[in-house]
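Written below as structure tokens is the structure these notes are about.
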Amino acid sequence: MNPEQDNTTAVLDELVVDTHHLGAVRHVLGELHIEDAVKDAIPEFDLTLLTLKHGDTQNPVTDLDPVLTEVRARLAGRSGGWTPLIGKNRKMGHVFGAYPQTKSQAFWNPMPATHEGPWIQGDAGQGVRVGMVDTKIYQHSQLPKTSVHASEHDWFTKDRQGTSYFEEGHGVFVAGLILKTAPGATVVPRAALGPDGKAEAWEVVKKLATFLADKPEDRVHLIVMANGCRTHDGQPPLILERAVERLSPHITVVAAAGNHGGFLGMTSSLITRNSATWPAALPGVIAAGVPDLPDPDPTTHYSPDLPWVTHIVQPEVDDTFTSTYLDSATVTMFKGDPATDLITGYATWRGTSCAAAYLGGLIAAEMPSSGMDAAQALARVVAGPLVDEFAWPRPTP
């Protein structure tokens, strides 16, 4: 992935609408001679996905912004300023490589690591269910299926003599960090991101809806979102905002703050170091960042210094975390560079994705199945040495 790549580009012919407002939106689309078709729906969140095309030419709509503006303006003029809940289907990706980064991609590459003995030791967090939406989870020998409640779709098996793309190890890395800190917990993964660590936001939100669709007794206690997206106008995507709004009364969301704070300018995709990361910046979400690195170069201070960040997580060693990873013979890095030393099944990585997973595990470890909720557990975690509440602006070293 090119560090300058726009990870927030919308799928411009797909419109997301609050299902209750569908009739009004369709009426105005008809006035604009735009035809729509229902592509998908998420009943749990009352959302409908439409594809659009121009009625005169039958060509797909290639610029959704003017359509959004006109639909809102017409309905606001007729409804005393009221506008429908409508938005775009945006791209999402995990924060290691999907966002504009501060230096070369090598800074974000996983590095070889080893581990002695069993990975899961102890029973902290027993009975707690931790959801995660990420890449498919690798069938790692140190993560027994009793600790990972995944469907057949959520698992993948790689030929150990074959080649994998480095992003494919993100899901198992996140799961391993959760279980490293909460070995008694159960990880419930939902695979939404592709092998390149990206997905349409709609697919991510569909997976989030499955957690709400579960029977209350089968629901997860918290969800780790080691991924996100950004918007050019700084406003939250409708579907992520709706998902968190519906999930929050039942399930706590821990999200990565993003790896972009040190970027000193603007990328070709019009993203800056001050761009909010969604869902991390939404109210009620626990947004996990990391401390500034012990480096005088400000571009290495990638965790955002922004008021919506809620907590800072201390990395395990220097600025990195170690977790379970792929054990393919060759892992292809950014720009196609091969790495043949990532064969141990473990890796060291850096980023706020790691912080979100680590914090999610710490919270789960403090939540016995009989009582403590995530908010109470978070308060106990903050009282310890590994996590601090974020103070904005960040004090100058």
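Following the order of the structure tokens, first chain is A, next is B, and so on, with residues numbered from 1 inside each chain and ligands from 1 in the order they appear.
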Using DSSP on the backbone coordinates, identify the residues of range 179-267 of chain A assigned to alpha helix (DSSP H); present them as a PyMOL selection string.
chain A and resi 179-181+201-213+238-247
Long-range neighbours of range 325-332 of chain A as a ChimeraX atom specification, 7 Å cut-off, only C-alpha atoms, 5 positions minimum in chain:
/A:138,159-166,169,172-173,337-340,342-347
The selected residues should be written to file as a CSV table (one decimal), in the first residue's frame (atoms: C-alpha atoms).
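Result file is result15.csv:
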```csv
chain,number,residue,atom,x,y,z
A,138,TYR,CA,-4.8,-17.7,11.1
A,159,ASP,CA,0.5,-23.3,3.3
A,160,ARG,CA,3.5,-22.9,5.6
A,161,GLN,CA,5.8,-23.4,2.6
A,162,GLY,CA,3.9,-20.7,0.7
A,163,THR,CA,3.8,-16.9,0.5
A,164,SER,CA,1.6,-14.5,2.5
A,165,TYR,CA,1.1,-10.8,2.4
A,166,PHE,CA,2.1,-9.2,5.7
A,169,GLY,CA,-1.2,-11.7,9.8
A,172,VAL,CA,-4.0,-13.3,14.4
A,173,PHE,CA,-1.7,-10.6,15.8
A,337,ASP,CA,9.7,-7.0,-0.7
A,338,PRO,CA,10.0,-10.6,0.6
A,339,ALA,CA,10.9,-11.4,4.2
A,340,THR,CA,12.0,-15.0,4.9
A,342,LEU,CA,9.1,-14.3,9.7
A,343,ILE,CA,8.8,-18.1,10.1
A,344,THR,CA,8.6,-18.5,13.9
A,345,GLY,CA,4.8,-17.8,14.2
A,346,TYR,CA,5.5,-14.6,16.2
A,347,ALA,CA,6.2,-11.0,15.3
```
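Each of A:Leu85, A:Ile34, A:Ser323, A:Phe45 was compared to Val61 in chain A using only C-alpha atoms, and A:Ile34 turns out to be the nearest.
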All strand (DSSP E) positions in range 74-248 of chain A, as a ChimeraX atom specification
/A:86-88,91-94,111-112,129-134,137-138,155-156,163-165,186-191,198-200,222-225,227-228
For the contact check between range 199-246 of chain A and range 374-377 of chain A, emit one row per residue of range 199-246 of chain A within 12 Å, containing the shortest atom pair and the distance in Å rounded to one decimal, counting only C-alpha atoms, chain then rising number order, as a tab-separated table.
```
residue	atom	partner	partner_atom	distance
A:Val220	CA	A:Ala374	CA	11.2
A:His221	CA	A:Ala374	CA	7.4
A:Leu222	CA	A:Ala374	CA	7.3
A:Ile223	CA	A:Ala374	CA	10.7
```
Please write the residues from the selection above to a file, keeping N, CA, C and O atoms, as a compact mmCIF listing (two decimals), in the first residue's frame.
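Contents of again-v4.txt, freshly written:
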```txt
# COMPACT_ATOMS: atom_id res chain seq x y z
N VAL A 220 -20.84 -10.53 22.91
CA VAL A 220 -19.52 -10.18 23.44
C VAL A 220 -19.66 -9.04 24.44
O VAL A 220 -20.62 -8.26 24.39
N HIS A 221 -18.69 -8.92 25.33
CA HIS A 221 -18.70 -7.84 26.31
C HIS A 221 -18.06 -6.56 25.77
O HIS A 221 -18.42 -5.46 26.18
N LEU A 222 -17.09 -6.73 24.90
CA LEU A 222 -16.45 -5.58 24.27
C LEU A 222 -15.97 -5.98 22.89
O LEU A 222 -15.83 -7.17 22.58
N ILE A 223 -15.74 -4.97 22.04
CA ILE A 223 -15.27 -5.20 20.68
C ILE A 223 -13.99 -4.39 20.47
O ILE A 223 -13.93 -3.21 20.81
```
Can you pull out every residue within 12 Å of Thr252 in chain A, counting only C-alpha atoms, but drop anything in the same chain fewer than 3 positions away, and send it as an MDAnalysis selection string?
chainID A and resid 129:132 208 211:212 219:225 243:249 255 280 283:287 360 363:364 373:378
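The protein and nucleic acid residues lying at most 12 Å from Trp82 in chain A are A:His21, A:Ala24, A:Val71, A:Arg72, A:Ala73, A:Arg74, A:Leu75, A:Ala76, A:Gly77, A:Arg78, A:Ser79, A:Leu85, with only C-alpha atoms considered and sequence neighbours fewer than 3 positions away removed.
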Once you have the residues from the selection above, write them out as a PDB file, in the first residue's frame, restricted to N, CA and C atoms.
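Saved file result.pdb follows:
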```pdb
ATOM      1  N   HIS A  21     -36.008   6.736   6.330  1.00  0.00           N
ATOM      2  CA  HIS A  21     -36.022   7.905   5.454  1.00  0.00           C
ATOM      3  C   HIS A  21     -35.939   7.525   3.978  1.00  0.00           C
ATOM      4  N   ALA A  24     -38.517   9.211   1.456  1.00  0.00           N
ATOM      5  CA  ALA A  24     -38.279  10.625   1.169  1.00  0.00           C
ATOM      6  C   ALA A  24     -37.070  10.807   0.271  1.00  0.00           C
ATOM      7  N   VAL A  71     -30.015  16.506  -2.264  1.00  0.00           N
ATOM      8  CA  VAL A  71     -31.072  15.803  -1.527  1.00  0.00           C
ATOM      9  C   VAL A  71     -31.306  16.472  -0.177  1.00  0.00           C
ATOM     10  N   ARG A  72     -30.222  16.769   0.524  1.00  0.00           N
ATOM     11  CA  ARG A  72     -30.368  17.429   1.828  1.00  0.00           C
ATOM     12  C   ARG A  72     -30.987  18.804   1.688  1.00  0.00           C
ATOM     13  N   ALA A  73     -30.537  19.573   0.699  1.00  0.00           N
ATOM     14  CA  ALA A  73     -31.045  20.937   0.526  1.00  0.00           C
ATOM     15  C   ALA A  73     -32.538  20.941   0.200  1.00  0.00           C
ATOM     16  N   ARG A  74     -32.964  20.062  -0.707  1.00  0.00           N
ATOM     17  CA  ARG A  74     -34.377  20.046  -1.090  1.00  0.00           C
ATOM     18  C   ARG A  74     -35.274  19.637   0.070  1.00  0.00           C
ATOM     19  N   LEU A  75     -34.854  18.617   0.802  1.00  0.00           N
ATOM     20  CA  LEU A  75     -35.684  18.178   1.924  1.00  0.00           C
ATOM     21  C   LEU A  75     -35.640  19.180   3.072  1.00  0.00           C
ATOM     22  N   ALA A  76     -34.499  19.829   3.288  1.00  0.00           N
ATOM     23  CA  ALA A  76     -34.425  20.857   4.333  1.00  0.00           C
ATOM     24  C   ALA A  76     -35.354  22.019   4.009  1.00  0.00           C
ATOM     25  N   GLY A  77     -35.415  22.412   2.739  1.00  0.00           N
ATOM     26  CA  GLY A  77     -36.289  23.520   2.347  1.00  0.00           C
ATOM     27  C   GLY A  77     -37.753  23.211   2.515  1.00  0.00           C
ATOM     28  N   ARG A  78     -38.115  21.956   2.426  1.00  0.00           N
ATOM     29  CA  ARG A  78     -39.529  21.556   2.529  1.00  0.00           C
ATOM     30  C   ARG A  78     -39.907  21.096   3.932  1.00  0.00           C
ATOM     31  N   SER A  79     -38.894  20.917   4.794  1.00  0.00           N
ATOM     32  CA  SER A  79     -39.163  20.277   6.092  1.00  0.00           C
ATOM     33  C   SER A  79     -38.629  21.089   7.256  1.00  0.00           C
ATOM     34  N   LEU A  85     -30.977  11.110   7.205  1.00  0.00           N
ATOM     35  CA  LEU A  85     -29.677  10.496   7.501  1.00  0.00           C
ATOM     36  C   LEU A  85     -29.217   9.744   6.264  1.00  0.00           C
TER      37      LEU A  85
END
```
Quote the spacing between CA of Ala365 in chain A and CA of Gln126 in chain A in Å to one decimal place.
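Distance reported for this atom pair: 7.6 Å.
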Quick one: residues within 9 Å of Ala357 in chain A, only C-alpha atoms counted, chain neighbours fewer than 3 positions away excluded, as a list in words?
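Counting only the stated atoms, we get Met132, Phe173, Val174, Ala175, Gly176, Leu177, Ile178, Val224, Met225, Ala226, Val254, Ala255, Ala256, Ala288, Thr352, Ser353, Cys354, Gly360, Gly361 and Leu362 of chain A.
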Selection file, N, CA and C atoms, as an mmCIF file, in the first residue's frame:
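Dumped to again.cif:
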```cif
data_model
loop_
_atom_site.group_PDB
_atom_site.id
_atom_site.type_symbol
_atom_site.label_atom_id
_atom_site.label_comp_id
_atom_site.auth_asym_id
_atom_site.auth_seq_id
_atom_site.Cartn_x
_atom_site.Cartn_y
_atom_site.Cartn_z
ATOM 1 N N MET A 132 -13.872 -8.972 17.751
ATOM 2 C CA MET A 132 -12.920 -8.207 16.937
ATOM 3 C C MET A 132 -13.356 -8.306 15.474
ATOM 4 N N PHE A 173 -2.496 -11.461 14.924
ATOM 5 C CA PHE A 173 -1.694 -10.630 15.810
ATOM 6 C C PHE A 173 -2.587 -9.959 16.857
ATOM 7 N N VAL A 174 -3.714 -9.396 16.416
ATOM 8 C CA VAL A 174 -4.657 -8.743 17.334
ATOM 9 C C VAL A 174 -5.227 -9.755 18.320
ATOM 10 N N ALA A 175 -5.654 -10.914 17.820
ATOM 11 C CA ALA A 175 -6.212 -11.943 18.704
ATOM 12 C C ALA A 175 -5.187 -12.399 19.731
ATOM 13 N N GLY A 176 -3.941 -12.563 19.294
ATOM 14 C CA GLY A 176 -2.903 -12.996 20.222
ATOM 15 C C GLY A 176 -2.634 -11.989 21.310
ATOM 16 N N LEU A 177 -2.667 -10.695 20.979
ATOM 17 C CA LEU A 177 -2.468 -9.664 22.003
ATOM 18 C C LEU A 177 -3.603 -9.663 23.013
ATOM 19 N N ILE A 178 -4.836 -9.857 22.550
ATOM 20 C CA ILE A 178 -5.975 -9.905 23.469
ATOM 21 C C ILE A 178 -5.810 -11.060 24.442
ATOM 22 N N VAL A 224 -12.975 -5.027 19.906
ATOM 23 C CA VAL A 224 -11.737 -4.351 19.554
ATOM 24 C C VAL A 224 -11.787 -4.008 18.062
ATOM 25 N N MET A 225 -11.650 -2.715 17.767
ATOM 26 C CA MET A 225 -11.626 -2.226 16.384
ATOM 27 C C MET A 225 -10.228 -1.673 16.103
ATOM 28 N N ALA A 226 -9.337 -2.531 15.641
ATOM 29 C CA ALA A 226 -7.975 -2.104 15.317
ATOM 30 C C ALA A 226 -7.925 -1.607 13.875
ATOM 31 N N VAL A 254 -13.538 -0.581 21.797
ATOM 32 C CA VAL A 254 -12.174 -0.072 21.935
ATOM 33 C C VAL A 254 -11.601 0.038 20.529
ATOM 34 N N ALA A 255 -11.117 1.229 20.146
ATOM 35 C CA ALA A 255 -10.666 1.439 18.770
ATOM 36 C C ALA A 255 -9.285 2.074 18.723
ATOM 37 N N ALA A 256 -8.561 1.800 17.651
ATOM 38 C CA ALA A 256 -7.235 2.379 17.429
ATOM 39 C C ALA A 256 -7.363 3.845 17.038
ATOM 40 N N ALA A 288 -7.598 4.313 21.691
ATOM 41 C CA ALA A 288 -6.293 3.940 22.241
ATOM 42 C C ALA A 288 -5.153 4.489 21.399
ATOM 43 N N THR A 352 -1.017 1.954 16.806
ATOM 44 C CA THR A 352 -2.157 2.062 17.723
ATOM 45 C C THR A 352 -3.129 0.904 17.566
ATOM 46 N N SER A 353 -3.026 0.123 16.482
ATOM 47 C CA SER A 353 -3.773 -1.140 16.407
ATOM 48 C C SER A 353 -3.365 -2.037 17.571
ATOM 49 N N CYS A 354 -2.055 -2.118 17.792
ATOM 50 C CA CYS A 354 -1.539 -2.918 18.907
ATOM 51 C C CYS A 354 -2.085 -2.387 20.232
ATOM 52 N N GLY A 360 -7.840 -3.727 25.009
ATOM 53 C CA GLY A 360 -9.018 -4.590 25.072
ATOM 54 C C GLY A 360 -8.780 -5.804 25.939
ATOM 55 N N GLY A 361 -7.585 -6.407 25.816
ATOM 56 C CA GLY A 361 -7.259 -7.550 26.656
ATOM 57 C C GLY A 361 -7.126 -7.188 28.118
ATOM 58 N N LEU A 362 -6.516 -6.039 28.408
ATOM 59 C CA LEU A 362 -6.384 -5.601 29.796
ATOM 60 C C LEU A 362 -7.748 -5.388 30.447
#
```
Could you name the residues that touch range 199-202 of chain A at 12 Å or less, counting only C-alpha atoms, but leaving out those on the same chain fewer than 3 positions away, as a PyMOL selection string?
chain A and resi 7-12+14-17+39-42+45+47-50+87-94+98+133-135+191-196+205-209+227-230+236-243+278-279
